[in-house]
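Report on the structure given below.
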Amino acid sequence: MPEILMPALSPTMEEGKLAKWHVKEGDSVKPGDILAEIETDKATMEFEAVDEGKIGKLLVPEGAEGVKINSPIARLITDEDSAAKPAAKPAPAPAPSKPASAAPALPPPPPAEPRKAVKSGNGQVHPDTEHRIFASPLAKRIAQDKGIDLRRVQGSGPRGRIIKADVEAATTAPAANPAEKPASAAPAVQPPRPEPGALAPGLVPLPDATLFYKPGEYETAPNDSMRKAIARRLTAAKALAPHFYLTIECDIGALMQARARLNERSPKGEGAYKLSVNDFVVKAAAQALLKHPEVNASWTEAAILRHHHADIGIAVDLNPGLITPILFRAESKGLVEISSEAKELAERAREKKLKPQEYEGGSFSISNLGMFGIREFTAIINPPQSAILAIGAAEERVVAREGKAATAMMMNVTMSCDHRVIDGAMGARFLQTLKTFLEEPASMLL
Amino acid sequence: MADNQFDVIVAGGGPGGYVCAIRCAQLGLKTAVVERENLGGICLNWGCIPTKALLRSSEIWHLVHRLNEFGFAAGDLKIDFPKIIERSRRVAGQLSDGVRILMRKNKITVIDGEAKLTGKGSLSVSKGGKSSSYGAKNIVLATGARAREFPGLEADGKLVWTYRHAMVPKELPKSLLVVGSGAIGIEFASFYRTLGAEVTVIEVLDRILPVEDEEISVFAGKAFRKQGMTIRTATTVEKLVKGAHNVTATLKAKDGKTDSITVDRVILAVGIVGNVENLGLERAGIRIEKTHVVVNRWGETGVSGMFAIGDLVGPPWLAHKAMHEGVIVAERIAGVKGVHPLDTTKIPGCTYCWPQVASIGMTEAKAKESGRKIKVGKFPFIGNGKAIALGDAEGFIKTIFDSETGEMLGAHMIGAEVTELIQGYSIAMMLEATDADLERVVFPHPTLSEMMHEAVLAADARPLHI
């Protein structure tokens with residue numbers, strides 16, 4: 001009797017909630033039938049049958065949380081009632097899946113180019129055939145125990161084979177190669193064995209908050225999978241991508257006037273639009289990225305990937321939580337298209353209806369807290385992207401104009417840059433262009 | 001390049017030195033080896049090889065006493081001792097000649113004499129009062145080591161021997177005192193005891209073969225005593241008084257009690273000192289600690305162009321370790337990419353006594369000390385069909401694994417032919433096989449090697465034949 005396995009619905013998915021069964025035991029199913037709804041850290045997705053048959057037994061109750069991917073969730077009785085045919089697979093296979101693993105202490109950011117690999121039921125990592133990984137059995141075992149993705153480990157054994165020492169080095173942060181000191185003590189000292197969940201050398205864990213407060217004096221709000229994903233991803237991003245910040249002040253008087261004029265021209269009924277300041281920022285950022293492809297880039301060990309399109313993530317507040325759906329190819333879209341697409345993405349994000357491919361990847365992000373009156377702030381980069389723009393409030397400020405005080409509509413823009421990809425002056429030049437586009441929107445047409 | 005100029009000169013033609021030279025030559029370097037005595041060094045001429053020839057004779061002597069058991073009858077059996085020694089020398093000679101051929105084949109210049117550093121990249125070689133100068137971009141020191149002697153306990157070659165004398169005596173001593181129970185001491189003790197000498201072994205530590213796993217020491221001690229050997233642990237030699245044809249040794253036990261023993265001959269096997277003298281090391285700025293040259297894990301001395309390998313740089317004093325260091329240094333010099341330092345935790349060691357002892361990696365005590373969770377498997381020879389058919393059912397194999405990762409941490413063996421078996425675990429450890437992999441390996445039946453499989457299974461409490 002083939003087993004139906006928990007699908008991996010996104011590259012970062014490790015476990016999910018079986019939100020709802022659409023079938024019950026004894027139901028006949030054919031390919032394409034909805035079997036269940038699976039809730040991941042970011043979205044709820046429908047899971048379709050691949051094979052025809054009858055549902056034998058539901059192994060996981062509705063509402064079960066933390067179901068590991070590739071664990072059996074149901075049994076299917078096929079016609080032949082043999083195990084010859086594969087069971088259900090992640091139905092539309094929306095995004096390439098990656099091997100899941102126990103949560104590593106510091107998960108590396110998702111790969112810029114995820115490759116196909118699936119984790120089978122017995123827990124062995126089967127990479128795709130074109131990228132076979134050579135690793136010693138011990139290295140594989142340790143990697144599996146510690147949740148290390150071997151595709152990200154550099155092998156130092158014969159012909160690049162990954163050995164135990166490489167995996168252990170990968171668990172202890174990106175430690176620099178210890179310089180060889182001639183004539184120091186002779187035998188190589190075995191590196192200390194890092195404990196599971198170990199931090200990089202020299203780091204102490206943050207204190208456990210429960211030790212400081214009396215029970216009963218606080219509420220416990222259990223972390224859902226999104227909260228855990230935010231914690232994990234952002235900790236990794238802040239720890240592993242060296243951030244620096246650039247702030248620039250923009251006079252958006254002309255932009256505000258253009259916006260008012262354009263909004264006045266909106267047709268009534270069908271095709272109506274209402275452009276926001278943020279839509280202008282997305283447009284300006286896309287145009288600026290086109291002029292500065294070095295900012296529209298992703299880091300890999302071997303090379304920097306310069307993207308051909310400005311795929312701009314827009315942070316959407318879900319209160320609590322957030323998600324960054326991506327406006328793909330923003331450079332090719334007009335303001336109205338950007339505006340309506342951004343609205344539509346935000347709506348579906350709040351309903352948790354986004355598909356993984358709508359929020360994974362991207363080349364740049366924008367976060368806007370201006371509506372809260374925040375003048376300026378710094379945001380955490382969303383790897384594999386290398387920069388994020390933090391937009392402050394558009395407000396009337398007193399400014400100096402030719403030695404006299406005047407008022408102007410001002411807005412502060414702060415970019416967080418990953419210094420591995422973007423240097424200071426490089427980021428500054430991008431912001432200069434962005435400032436020009438925001439201060440004189442018509443210059444985007446040049 | 002002038003005739004006396006080389007890319008590499010290796011000082012010392014032992015297993016570390018000549019192997020280093022071969023590897024250098026293979027990598028296209030103009031190479032010379034300086035050797036003051038015989039190519040092949042101690043290993044080939046006065047160590048590993050000739051002792052194996054001797055022990056083969058004693059093994060046969062042991063077997064012919066069991067002819068009856070195997071269905072034969074023979075008359076009077078006699079030992080022709082000089083012939084045993086002669087065969088051993090012939091074996092050594094054959095191999096030393098073989099090394100000379102290897103040098104010629106690889107176009108390596110062999111310089112006879114004693115080397116001394118005279119400056120950066122230069123050394124002189126003297127022989128019979130004459131000396132000549134040579135230059136090299138790289139110098140590899142591989143001058144080896146020799147038996148350690150203590151004041152008052154010096155070897156004289158007649159009544160008090162080192163391994164060197166013990167290998168070529170004129171006649172078989174009737175009684176023998178072996179001071180030190182490491183591999184060298186135990187091999188000689190085993191050889192002479194099997195040929196009929198009264199042998200007493202004394203060891204300052206509380207067990208014989210002290211570098212081995214404790215269970216191996218205990219088992220070996222019992223086996224040797226059963227063969228009629230006297231073993232005294234936690235005992236030291238206070239003094240040796242030489243008579244005309246024998247030696248009286250005063251022995252002191254741990255509790256302070258002393259007694260004396262009179263024997264025909266004494267063998268000193270109390271450790272090794274590096275041959276660091278008269279090489280000009282100090283002037284070259286090379287550091288020496290406890291008679292050994294200090295190097296990093298690449299054999300680099302800290303003085304550019306100066307390397308050292310083998311027994312000269314310290315324990316384990318094993319030919320196979322020296323050979324690997326020789327290859328690593330040669331590849332470093334030639335700039336080969338991807339060279340790895342020697343993993344000193346995975347060097348097997350063998351003692352060719354009867355029963356044989358072989359081991360690799362950590363002892364159980366060391367593994368425990370390391371703070372890991374471990375699991376231990378053991379399998380006795382008595383559970384192995386081939387061992388029983390051979391009539392050698394004494395011994396056991398022990399494995400030690402990290403119980404969390406399945407990493408093989410160590411293996412320890414005692415019994416027939418275990419010195420030929422240990423390499424299986426060496427391969428497993430070097431390739432980082434886990435217990436789960438080894439359980440799946442198919443070992444041929446009927447062989448002694450099946451015990452290696454069983455000892456792995458036993459670590460998971462699932463051996464099949466016990």
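Letters for chains follow the order of the structure tokens (A, B, ...), residue numbers begin at 1 for each chain, and ligand numbers begin at 1 in the order shown.
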Interface, chain B side, toward chain A (7 Å; only C-alpha atoms) as a PyMOL selection string: chain B and resi 294-297+300-302+405+407+431-434
Output N, CA and C atoms for every residue in the selection just made, as a compact mmCIF listing (two decimals), in the first residue's frame.
# COMPACT_ATOMS: atom_id res chain seq x y z
N VAL B 294 61.48 19.72 16.34
CA VAL B 294 60.11 20.25 16.41
C VAL B 294 59.66 20.67 15.01
N VAL B 295 58.55 20.13 14.59
CA VAL B 295 57.99 20.50 13.28
C VAL B 295 56.49 20.74 13.42
N ASN B 296 55.90 21.39 12.42
CA ASN B 296 54.45 21.48 12.38
C ASN B 296 53.92 20.25 11.64
N ARG B 297 52.62 20.23 11.39
CA ARG B 297 52.07 19.00 10.83
C ARG B 297 52.40 18.81 9.36
N GLU B 300 57.41 21.00 8.57
CA GLU B 300 58.22 22.21 8.43
C GLU B 300 58.86 22.56 9.76
N THR B 301 60.16 22.89 9.70
CA THR B 301 60.88 23.16 10.95
C THR B 301 60.75 24.60 11.38
N GLY B 302 60.23 25.45 10.50
CA GLY B 302 60.19 26.87 10.81
C GLY B 302 61.35 27.60 10.14
N THR B 405 27.46 9.17 16.61
CA THR B 405 27.69 9.36 15.17
C THR B 405 28.00 8.06 14.45
N GLU B 407 30.89 6.83 14.40
CA GLU B 407 32.29 6.92 13.97
C GLU B 407 33.11 5.84 14.67
N LEU B 431 38.32 6.26 5.46
CA LEU B 431 37.20 6.62 4.60
C LEU B 431 35.99 7.07 5.41
N GLU B 432 36.15 7.09 6.73
CA GLU B 432 35.08 7.54 7.63
C GLU B 432 33.82 6.69 7.49
N ALA B 433 34.03 5.39 7.40
CA ALA B 433 32.87 4.49 7.43
C ALA B 433 32.28 4.52 8.84
N THR B 434 30.97 4.36 8.92
CA THR B 434 30.33 4.29 10.22
C THR B 434 30.00 2.83 10.54
Pick out each residue of segment 353-402 of chain A that DSSP on the backbone tags as strand (DSSP E); I need them as a ChimeraX atom specification. /A:364-368,387-391,395-401
Keeping C-alpha atoms, export the residues of the selection given above as a short mmCIF file (atom, residue, chain, number, x, y, z; two decimals), in the first residue's frame.
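Final output, part.cif:
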data_model
loop_
_atom_site.label_atom_id
_atom_site.label_comp_id
_atom_site.auth_asym_id
_atom_site.auth_seq_id
_atom_site.Cartn_x
_atom_site.Cartn_y
_atom_site.Cartn_z
CA PHE A 364 15.55 43.64 -3.65
CA SER A 365 13.06 44.62 -0.94
CA ILE A 366 11.19 47.67 0.27
CA SER A 367 9.78 48.13 3.73
CA ASN A 368 7.68 51.17 4.52
CA ALA A 387 19.72 45.15 -0.03
CA ILE A 388 16.51 46.45 1.48
CA LEU A 389 15.11 49.94 1.43
CA ALA A 390 13.47 51.32 4.58
CA ILE A 391 11.03 54.14 3.78
CA GLU A 395 6.18 64.90 6.02
CA GLU A 396 6.48 68.62 5.76
CA ARG A 397 9.74 69.78 7.27
CA VAL A 398 11.52 73.06 7.68
CA VAL A 399 14.51 73.12 5.35
CA ALA A 400 17.15 75.67 4.52
CA ARG A 401 16.72 77.17 1.06
#
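Checking B:Ile79, B:Ile111, B:Ala367, B:Ile328 one by one against Leu39 of chain B, counting only C-alpha atoms, you find the shortest gap at B:Ile111.
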For segment 97-107 of chain B, please output as a list in words all residues within 8 Å (counting only C-alpha atoms; exclusion window: fewer than 2 positions along the same chain). Tyr18, Ile22, Ala25, Gln26, Thr31, Leu39, Gly40, Gly93, Gln94, Leu95, Thr109 and Val110 of chain B
Those residues with N, CA and C atoms, as a compact mmCIF listing (two decimals), in the first residue's frame please?
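As a result, out.txt now contains:
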# COMPACT_ATOMS: atom_id res chain seq x y z
N TYR B 18 64.00 7.39 2.21
CA TYR B 18 64.04 6.92 0.82
C TYR B 18 62.68 7.06 0.14
N ILE B 22 61.91 9.09 -3.30
CA ILE B 22 61.20 8.54 -4.47
C ILE B 22 60.07 9.47 -4.89
N ALA B 25 61.40 12.49 -6.59
CA ALA B 25 61.83 12.19 -7.96
C ALA B 25 60.63 12.03 -8.87
N GLN B 26 59.58 11.37 -8.38
CA GLN B 26 58.36 11.21 -9.19
C GLN B 26 57.78 12.56 -9.57
N THR B 31 66.93 14.95 -6.93
CA THR B 31 66.94 14.50 -5.54
C THR B 31 68.17 13.67 -5.20
N LEU B 39 71.14 1.62 3.09
CA LEU B 39 69.84 2.11 2.62
C LEU B 39 68.75 1.24 3.23
N GLY B 40 67.66 1.90 3.57
CA GLY B 40 66.59 1.17 4.24
C GLY B 40 66.58 1.43 5.75
N GLY B 93 69.44 -7.92 3.84
CA GLY B 93 70.34 -7.57 2.76
C GLY B 93 69.61 -7.47 1.42
N GLN B 94 68.71 -8.43 1.20
CA GLN B 94 67.95 -8.45 -0.05
C GLN B 94 67.13 -7.17 -0.20
N LEU B 95 66.52 -6.77 0.90
CA LEU B 95 65.66 -5.59 0.82
C LEU B 95 66.47 -4.30 0.69
N THR B 109 70.33 10.36 -6.59
CA THR B 109 71.74 10.23 -6.26
C THR B 109 71.88 9.75 -4.82
N VAL B 110 72.62 8.68 -4.61
CA VAL B 110 72.85 8.21 -3.24
C VAL B 110 74.25 8.66 -2.82
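The list of residues with at least one atom within 6 Å of segment 343-352 of chain B, based on only C-alpha atoms and without residues fewer than 4 positions apart in the same chain, reads Ala183, Glu187, Gln356, Val357, Ala358, Ser359, Ile360, Gly361 and Thr419 of chain B.
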Using only C-alpha atoms, determine which residues lie at most 10 Å from segment 260-262 of chain A, disregarding the query and same-chain residues fewer than 2 positions distant; provide the list as a list of chain:residue names.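 Contacts, with the query itself left out: A:Ala254, A:Leu255, A:Met256, A:Gln257, A:Ala258, A:Glu264, A:Arg265, A:Ser266, A:Tyr273, A:Lys274, A:Leu275, A:Ser276, A:Leu335, A:Val336.
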Can you build me a table of segment 225-321 of chain A residues sitting at most 7 Å from segment 429-444 of chain A, with the closest atom pair per residue and its distance in Å to one decimal, using only C-alpha atoms, sorted by chain and residue number, as JSON lines?
{"residue": "A:Cys250", "atom": "CA", "partner": "A:Lys435", "partner_atom": "CA", "distance": 5.8}
{"residue": "A:Asp251", "atom": "CA", "partner": "A:Glu439", "partner_atom": "CA", "distance": 5.6}
{"residue": "A:Ile252", "atom": "CA", "partner": "A:Glu439", "partner_atom": "CA", "distance": 5.1}
{"residue": "A:Ala254", "atom": "CA", "partner": "A:Glu439", "partner_atom": "CA", "distance": 6.2}
{"residue": "A:Leu255", "atom": "CA", "partner": "A:Pro441", "partner_atom": "CA", "distance": 6.1}
{"residue": "A:Ala284", "atom": "CA", "partner": "A:Phe437", "partner_atom": "CA", "distance": 5.7}
{"residue": "A:Ala285", "atom": "CA", "partner": "A:Leu434", "partner_atom": "CA", "distance": 6.2}
{"residue": "A:Gln287", "atom": "CA", "partner": "A:Met444", "partner_atom": "CA", "distance": 6.9}
{"residue": "A:Ala288", "atom": "CA", "partner": "A:Leu434", "partner_atom": "CA", "distance": 5.6}
{"residue": "A:His292", "atom": "CA", "partner": "A:Phe430", "partner_atom": "CA", "distance": 6.2}
Take the residues just selected and output them with C-alpha atoms as a PDB file, in the first residue's frame.
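Listed below is the output, part-v5.pdb:
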ATOM      1  CA  CYS A 250      14.466  63.214  -0.470  1.00  0.00           C
ATOM      2  CA  ASP A 251      12.341  66.245  -1.287  1.00  0.00           C
ATOM      3  CA  ILE A 252       9.225  64.640  -2.696  1.00  0.00           C
ATOM      4  CA  ALA A 254       7.181  67.222  -7.059  1.00  0.00           C
ATOM      5  CA  LEU A 255       6.331  63.567  -6.566  1.00  0.00           C
ATOM      6  CA  ALA A 284      11.862  54.496  -8.742  1.00  0.00           C
ATOM      7  CA  ALA A 285      13.757  51.630  -7.080  1.00  0.00           C
ATOM      8  CA  GLN A 287      14.455  52.055 -12.474  1.00  0.00           C
ATOM      9  CA  ALA A 288      17.450  52.716 -10.228  1.00  0.00           C
ATOM     10  CA  HIS A 292      22.838  49.904 -10.989  1.00  0.00           C
TER      11      HIS A 292
END
Any idea what the distance is between atom CA of Ser225 of chain A and atom CA of Gly321 of chain A?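 Those two atoms sit 10.3 Å apart.
Closest approach to Glu376 of chain A from the set A:Phe212, A:Trp21, A:Tyr245, A:Phe134 is made by A:Tyr245, with distances taken over only C-alpha atoms.
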In segment 2-137 of chain B, DSSP helix (DSSP H, G or I) residues written as an NGL selection string: :B and (15-26 or 41-46 or 48-64 or 67-70 or 81-105)
Quote the spacing between atom CA of Val329 of chain B and atom CA of Leu27 of chain B in Å to one decimal place. 11.8 Å
Neighbours of Glu360 of chain A within 8 Å (only C-alpha atoms; same-chain residues fewer than 3 positions away dropped), as a ChimeraX atom specification? /A:325-326,356-357
In Å, rounded to a single decimal, give me how far atom CA of Thr40 of chain A is from atom CA of Lys352 of chain A. 9.5 Å
Within 9 Å of Lys137 of chain B, counting only C-alpha atoms, which residues show up once you throw out same-chain ones fewer than 4 positions away? Write them as a PyMOL selection string, please. chain B and resi 5-9+120-122+305-306
